[in-house]
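Undergrad: Input file: my_file23.csv. Contents: CSV, C-alpha atoms.
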chain,number,residue,atom,x,y,z
I,1,MET,CA,139.8,131.1,140.8
I,2,GLY,CA,142.8,133.3,139.9
I,3,HIS,CA,141.3,133.7,136.4
I,4,LEU,CA,138.0,134.8,137.9
I,5,ALA,CA,139.7,137.3,140.1
I,6,LEU,CA,141.7,138.8,137.1
I,7,LYS,CA,138.6,139.1,135.0
I,8,THR,CA,136.4,140.7,137.6
I,9,ARG,CA,139.2,142.7,139.2
I,10,LYS,CA,137.6,142.0,142.6
I,11,SER,CA,138.7,140.3,145.8
I,12,PRO,CA,136.9,137.0,146.7
I,13,GLU,CA,134.9,138.9,149.4
I,14,ASP,CA,133.3,141.2,146.8
I,15,ILE,CA,132.6,138.9,143.9
I,16,THR,CA,128.8,138.6,143.3
I,17,GLY,CA,126.7,135.9,141.7
I,18,LYS,CA,126.3,138.1,138.6
I,19,ASP,CA,130.1,138.5,138.3
I,20,ILE,CA,130.4,134.7,138.2
I,21,ILE,CA,127.6,134.3,135.7
I,22,ASP,CA,129.2,136.9,133.4
I,23,TRP,CA,132.6,135.1,133.7
I,24,LEU,CA,131.0,131.7,132.9
I,25,ASN,CA,129.5,133.2,129.7
I,26,ARG,CA,132.9,134.2,128.3
I,27,GLY,CA,132.7,131.7,125.5
I,28,VAL,CA,133.9,128.4,126.8
I,29,GLY,CA,132.2,125.1,126.2
I,30,ALA,CA,129.6,123.5,128.5
I,31,ASN,CA,132.1,121.0,130.1
I,32,SER,CA,134.6,123.8,130.8
I,33,LYS,CA,131.8,125.9,132.2
I,34,ARG,CA,130.7,123.0,134.4
I,35,SER,CA,134.3,122.6,135.7
I,36,ASP,CA,134.5,126.3,136.5
I,37,VAL,CA,131.2,126.0,138.5
I,38,ASN,CA,132.5,123.1,140.5
I,39,ALA,CA,135.7,125.1,141.3
I,40,CYS,CA,133.7,128.1,142.4
I,41,THR,CA,131.2,126.0,144.4
I,42,ALA,CA,134.1,124.4,146.3
I,43,PHE,CA,135.9,127.7,146.9
I,44,PHE,CA,133.0,129.8,148.0
I,45,GLY,CA,131.6,127.0,150.1
I,46,TRP,CA,135.0,126.9,152.0
I,47,ALA,CA,134.9,130.7,152.3
I,48,CYS,CA,131.5,130.5,154.0
I,49,ARG,CA,132.4,127.7,156.3
I,50,THR,CA,135.5,129.5,157.5
I,51,GLY,CA,133.7,132.8,158.1
I,52,ARG,CA,135.4,134.6,155.2
I,53,ARG,CA,132.0,135.3,153.6
I,54,LYS,CA,128.6,135.4,155.1
I,55,ASP,CA,126.8,134.9,151.8
I,56,ASN,CA,127.5,132.4,149.0
I,57,PRO,CA,127.4,134.0,145.5
I,58,MET,CA,127.0,130.5,144.0
I,59,ASP,CA,123.4,130.4,145.3
I,60,LEU,CA,122.5,132.6,142.4
I,61,VAL,CA,124.4,130.6,139.8
I,62,PRO,CA,122.3,128.0,137.8
I,63,THR,CA,123.4,124.4,137.5
I,64,VAL,CA,125.4,123.6,134.4
I,65,HIS,CA,124.8,120.1,132.9
I,66,ARG,CA,127.5,118.1,131.2
I,67,ASP,CA,127.4,118.1,127.4
I,68,ARG,CA,126.9,114.5,126.5
I,69,ARG,CA,127.2,115.1,122.7
I,70,LYS,CA,130.2,113.7,121.0
I,71,GLN,CA,132.7,116.5,120.4
I,72,ILE,CA,134.3,116.6,116.9
I,73,PRO,CA,138.1,116.2,116.7
I,74,ALA,CA,140.2,118.8,114.9
I,75,PRO,CA,140.8,118.1,111.2
I,76,VAL,CA,144.1,117.5,109.6
I,77,GLU,CA,143.8,120.9,107.9
I,78,ALA,CA,144.0,122.6,111.3
I,79,VAL,CA,147.4,121.2,111.9
I,80,GLU,CA,148.6,122.4,108.5
I,81,LYS,CA,147.1,125.9,109.2
I,82,ALA,CA,149.3,126.2,112.3
I,83,LYS,CA,152.4,126.0,110.1
I,84,HIS,CA,151.6,129.4,108.6
I,85,CYS,CA,150.7,131.2,111.8
I,86,ALA,CA,152.6,134.4,112.7
I,87,ASP,CA,152.9,133.2,116.3
I,88,LYS,CA,155.9,130.9,116.2
I,89,ARG,CA,154.8,129.1,119.4
I,90,ALA,CA,151.7,127.8,117.5
I,91,LEU,CA,153.3,125.0,115.5
I,92,LEU,CA,155.1,123.4,118.5
I,93,THR,CA,151.9,123.8,120.6
I,94,ILE,CA,149.8,122.0,118.0
I,95,MET,CA,152.4,119.3,117.4
I,96,LEU,CA,152.5,118.4,121.1
I,97,MET,CA,148.8,118.2,121.3
I,98,ASP,CA,148.3,116.4,118.0
I,99,GLU,CA,151.2,113.9,118.5
I,100,ALA,CA,151.2,113.5,122.3
I,101,GLY,CA,147.7,114.3,123.3
I,102,LEU,CA,148.6,116.8,125.9
I,103,ARG,CA,146.2,118.9,127.9
I,104,ARG,CA,146.7,122.6,127.7
I,105,SER,CA,147.6,122.8,131.4
I,106,GLU,CA,150.2,120.1,130.9
I,107,LEU,CA,151.6,121.8,127.9
I,108,ALA,CA,151.9,125.2,129.6
I,109,ALA,CA,154.2,123.8,132.3
I,110,MET,CA,156.3,121.6,130.0
I,111,HIS,CA,160.0,121.9,130.7
I,112,THR,CA,163.2,120.8,128.9
I,113,ARG,CA,164.1,118.6,131.9
I,114,ASP,CA,161.0,116.5,131.0
I,115,VAL,CA,162.5,115.4,127.8
I,116,ILE,CA,164.3,112.0,128.2
I,117,ASP,CA,166.1,109.4,126.1
I,118,ASP,CA,164.4,106.1,125.6
I,119,LEU,CA,165.7,103.0,123.8
I,120,THR,CA,164.8,104.3,120.3
I,121,GLY,CA,164.6,108.1,120.6
I,122,LYS,CA,163.0,110.7,122.7
I,123,SER,CA,160.1,110.6,125.2
I,124,ILE,CA,158.6,113.2,127.4
I,125,ILE,CA,157.4,113.0,131.0
I,126,VAL,CA,154.0,114.5,131.3
I,127,HIS,CA,152.9,115.8,134.7
I,128,GLY,CA,149.2,115.1,134.6
I,129,LYS,CA,146.2,115.7,136.8
I,130,GLY,CA,146.4,114.6,140.5
I,131,GLY,CA,150.1,114.6,140.4
I,132,LYS,CA,150.3,111.5,138.2
I,133,ASP,CA,153.1,111.3,135.6
I,134,ARG,CA,153.0,109.4,132.4
I,135,ILE,CA,155.7,109.0,129.7
I,136,ILE,CA,154.8,109.7,126.0
I,137,PRO,CA,157.2,108.6,123.2
I,138,LEU,CA,157.8,111.3,120.6
I,139,SER,CA,158.2,111.1,116.9
I,140,ASP,CA,161.8,111.7,115.6
I,141,GLN,CA,160.8,115.1,114.2
I,142,LEU,CA,159.2,116.3,117.4
I,143,GLY,CA,162.0,114.8,119.5
I,144,ARG,CA,164.6,116.9,117.5
I,145,ILE,CA,162.5,120.0,117.9
I,146,VAL,CA,162.1,119.8,121.7
I,147,SER,CA,165.7,118.8,122.2
I,148,SER,CA,166.9,121.9,120.4
I,149,LEU,CA,164.9,124.3,122.7
I,150,PRO,CA,166.9,126.4,125.2
I,151,GLU,CA,166.9,125.1,128.7
I,152,GLY,CA,163.8,126.0,130.7
I,153,TYR,CA,160.1,126.0,130.0
I,154,PHE,CA,158.9,125.4,126.5
I,155,PHE,CA,156.7,128.5,126.7
I,156,PRO,CA,158.3,131.0,129.1
I,157,GLY,CA,155.9,133.4,130.8
I,158,GLU,CA,154.9,135.2,134.0
I,159,HIS,CA,152.8,132.4,135.5
I,160,ASP,CA,155.4,130.7,137.7
I,161,GLY,CA,157.9,131.1,134.9
I,162,HIS,CA,155.7,129.8,132.2
I,163,VAL,CA,152.6,130.8,130.3
I,164,CYS,CA,149.2,130.0,131.8
I,165,HIS,CA,146.9,127.5,130.2
I,166,ASP,CA,144.6,130.3,129.0
I,167,THR,CA,147.5,131.6,126.9
I,168,ILE,CA,147.8,128.2,125.3
I,169,TYR,CA,144.1,128.3,124.5
I,170,ARG,CA,144.4,131.6,122.7
I,171,ILE,CA,147.5,130.5,120.8
I,172,VAL,CA,145.8,127.4,119.5
I,173,LYS,CA,142.4,129.1,118.8
I,174,ASN,CA,143.9,132.0,117.0
I,175,ALA,CA,146.2,129.8,114.9
I,176,THR,CA,143.7,127.2,113.9
I,177,GLY,CA,140.1,128.3,114.8
I,178,TRP,CA,139.8,125.1,117.0
I,179,PRO,CA,140.1,124.8,120.8
I,180,PRO,CA,143.0,122.9,122.3
I,181,HIS,CA,140.9,119.9,123.4
I,182,ALA,CA,139.9,119.3,119.8
I,183,PHE,CA,143.5,118.2,119.1
I,184,ARG,CA,143.5,116.0,122.1
I,185,ARG,CA,140.4,114.3,120.7
I,186,LYS,CA,142.1,114.0,117.3
I,187,PHE,CA,145.0,112.3,119.0
I,188,ALA,CA,142.7,109.9,120.8
I,189,THR,CA,140.7,109.1,117.7
I,190,ASP,CA,143.7,108.6,115.4
I,191,LEU,CA,145.5,106.4,118.0
I,192,TRP,CA,142.4,104.3,118.4
I,193,ARG,CA,142.0,103.8,114.6
I,194,ALA,CA,145.7,102.9,114.4
I,195,THR,CA,145.8,100.4,117.3
I,196,ASP,CA,142.1,99.4,117.7
I,197,ASP,CA,143.0,99.4,121.4
I,198,ALA,CA,141.1,101.8,123.7
I,199,MET,CA,143.2,100.7,126.7
I,200,LYS,CA,146.4,102.1,125.0
I,201,VAL,CA,144.5,105.3,124.3
I,202,LYS,CA,143.5,105.5,127.9
I,203,GLU,CA,147.1,105.2,129.1
I,204,MET,CA,148.4,107.7,126.6
I,205,LEU,CA,145.8,110.3,127.6
I,206,GLY,CA,146.3,109.7,131.3
I,207,HIS,CA,142.7,108.9,132.1
I,208,GLU,CA,141.5,107.1,135.2
I,209,SER,CA,138.4,105.7,133.6
I,210,LEU,CA,138.0,103.9,130.2
I,211,GLN,CA,134.6,105.5,130.0
I,212,THR,CA,136.2,109.0,129.9
I,213,THR,CA,138.5,107.8,127.1
I,214,GLN,CA,135.5,106.6,125.1
I,215,ASP,CA,134.1,110.1,125.1
I,216,TYR,CA,137.3,111.3,123.3
I,217,ILE,CA,137.1,108.7,120.5
I,218,TYR,CA,135.0,109.9,117.6
I,219,ALA,CA,133.6,107.0,115.5
I,220,THR,CA,132.4,107.9,112.1
I,221,LEU,CA,129.9,106.1,109.9
I,222,ASP,CA,132.8,104.6,108.0
I,223,ASP,CA,134.2,103.2,111.2
I,224,LEU,CA,130.9,101.6,112.0
I,225,ARG,CA,130.5,100.3,108.5
I,226,ASP,CA,134.0,98.6,108.8
I,227,ALA,CA,132.7,97.0,112.0
I,228,VAL,CA,129.6,95.7,110.2
I,229,ASP,CA,131.7,94.4,107.3
I,230,GLY,CA,134.0,92.6,109.7
I,231,LEU,CA,131.0,91.1,111.4
I,232,ARG,CA,129.6,89.8,108.1
I,233,ALA,CA,133.0,88.3,107.2
I,234,TYR,CA,133.2,86.6,110.6
I,235,ARG,CA,129.7,85.1,110.2
I,236,GLY,CA,130.5,84.0,106.7
I,237,THR,CA,133.5,81.9,107.8
I,238,ASP,CA,134.4,81.1,111.4
I,239,ALA,CA,130.9,81.3,112.8
I,240,ARG,CA,129.7,78.6,110.4
I,241,GLU,CA,132.3,76.1,111.4
I,242,ILE,CA,131.3,73.8,114.3
I,243,HIS,CA,134.0,73.1,116.8
I,244,PRO,CA,132.9,70.1,118.9
I,245,GLU,CA,135.8,70.3,121.3
I,246,LYS,CA,134.8,73.8,122.2
I,247,ILE,CA,131.3,72.7,122.9
I,248,LEU,CA,132.4,69.8,125.1
I,249,GLU,CA,134.9,72.0,126.9
I,250,ALA,CA,132.1,74.5,127.7
I,251,TYR,CA,130.2,71.6,129.4
I,252,ASN,CA,133.3,70.7,131.4
I,253,VAL,CA,133.7,67.3,129.7
I,254,PRO,CA,137.1,65.8,130.8
I,255,PRO,CA,139.8,66.0,128.0
I,256,ALA,CA,140.2,62.2,127.9
I,257,ILE,CA,136.5,61.7,127.2
I,258,THR,CA,136.6,64.5,124.7
I,259,ARG,CA,139.4,62.8,122.7
I,260,LEU,CA,137.4,59.5,122.7
I,261,LEU,CA,134.3,61.1,121.4
I,262,LEU,CA,136.2,63.0,118.7
I,263,ASP,CA,138.0,59.8,117.6
I,264,SER,CA,134.7,58.1,117.4
I,265,ILE,CA,133.2,60.8,115.2
I,266,ARG,CA,136.2,60.8,112.9
I,267,ASN,CA,136.0,56.9,112.6
I,268,GLN,CA,132.4,57.2,111.6
I,269,GLU,CA,133.3,59.7,108.9
Output the file's structure in the form of structure tokens.
TA:
Amino acid sequence: MGHLALKTRKSPEDITGKDIIDWLNRGVGANSKRSDVNACTAFFGWACRTGRRKDNPMDLVPTVHRDRRKQIPAPVEAVEKAKHCADKRALLTIMLMDEAGLRRSELAAMHTRDVIDDLTGKSIIVHGKGGKDRIIPLSDQLGRIVSSLPEGYFFPGEHDGHVCHDTIYRIVKNATGWPPHAFRRKFATDLWRATDDAMKVKEMLGHESLQTTQDYIYATLDDLRDAVDGLRAYRGTDAREIHPEKILEAYNVPPAITRLLLDSIRNQE
């Protein structure tokens, strides 16, 4: 809502539906636009209920549907491109997104006090949505970089002492041509390929729902072909072997009787 006020240069009492529509069409994606609409709906609904406004400008704003298409993660080349950016903040920003999967809002407020020692190196405490913290281990290189920063916010600014998340967006987009969330999707996809464990990806991203995490994982045709090849290999070996004890166990046959039946089968062979 603060961003809307800055862009329109109007007080909440004077903002119109057209102002909100123009702000929504500033170039963000469908899901970001939908989040903005939800925030405006909640705010102006509260303003009307408390008598601060007689009309609700959101009555003129059309519904924004969630974009269900899979979003493509940033490529490796985008990370390399950040190394040659004139803005020296760009490389650290990209590394923290690419190697720790941070949201831009989390990154904007990152402080040196959040860097801690673990058993093998450095980790970082991430203050996520809903006041929920999570701990992300850092690579040795990234751990050395953040440990050498002067005490205070990683990215000092005028927004409560640090930059706002829109500044992070501009730094990343200007440096690489990709939005910040593309690097969060890259982190999720690479971690999934490395571990084959969506639950670990969920915990590292700080998601409540595994379904949300699945939206971040981008499976290519090569990934699917590997799965099909694995299925063929399984069906060509283990699936052809008959395990009588498993069948009897499935029918709740007592173990003692199972042993007698198996001994009888072996004696006949």
Undergrad: Using Å and a single decimal, report how far CA of Asp114 (chain I) sits from CA of Pro156 (chain I).
TA: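 Value for the CA of Pro156 (chain I)-CA of Asp114 (chain I) distance: 14.9 Å.
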Undergrad: For Leu210 (chain I), find every residue with an atom within 10 Å (counting only C-alpha atoms), except residues of its own chain fewer than 4 positions away, and show them as a PyMOL selection string.
TA: chain I and resi 198-199+201-203+214-215
Undergrad: Distance CA of Arg144 (chain I)-CA of Leu96 (chain I), one decimal place?
TA: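 Between CA of Arg144 (chain I) and CA of Leu96 (chain I) the gap is 12.7 Å.
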Undergrad: Please return as an MDAnalysis selection string every residue within 10 Å of (142.8, 126.2, 118.5), taking into account only C-alpha atoms and the file's own coordinates.
TA: chainID I and resid 74 78:79 82 90 93:94 168:183
Undergrad: Within 10 Å of Leu191 (chain I), counting all atoms listed in the file, which residues qualify if same-chain residues fewer than 2 places away don't, as a PyMOL selection string?
TA: chain I and resi 99+101+185-189+193-198+200-201+204+217
Undergrad: Calculate how many Å separate CA of Leu142 (chain I) from CA of Ile125 (chain I), rounding to one decimal.
TA: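 The value is 14.1 Å.
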Undergrad: Place a sphere of radius 9 Å on (126.7, 138.0, 143.6) in the file coordinates and name every protein, DNA or RNA residue with an atom inside or on its surface, counting all atoms listed in the file; give the answer as a list in words.
TA: Asp14, Ile15, Thr16, Gly17, Lys18, Asp19, Ile20, Ile21, Asp55, Asn56, Pro57, Met58, Asp59, Leu60 and Val61 of chain I
Undergrad: So that I can see what lies close to Asp118 (chain I), please list as number ranges by chain the residues with an atom at most 12 Å from it, counting all atoms listed in the file and leaving out residues fewer than 2 positions away in the same chain.
TA: I: 115-116, 120-125, 135-140, 143
Undergrad: Env of Phe154 (chain I): 8 Å cut, atoms = all atoms listed in the file, seq-sep filter 5 positions within chain, self excluded. Answer as a list in words.
TA: Ala108, Ala109, Met110, His111, Thr112, Leu149 and His162 of chain I
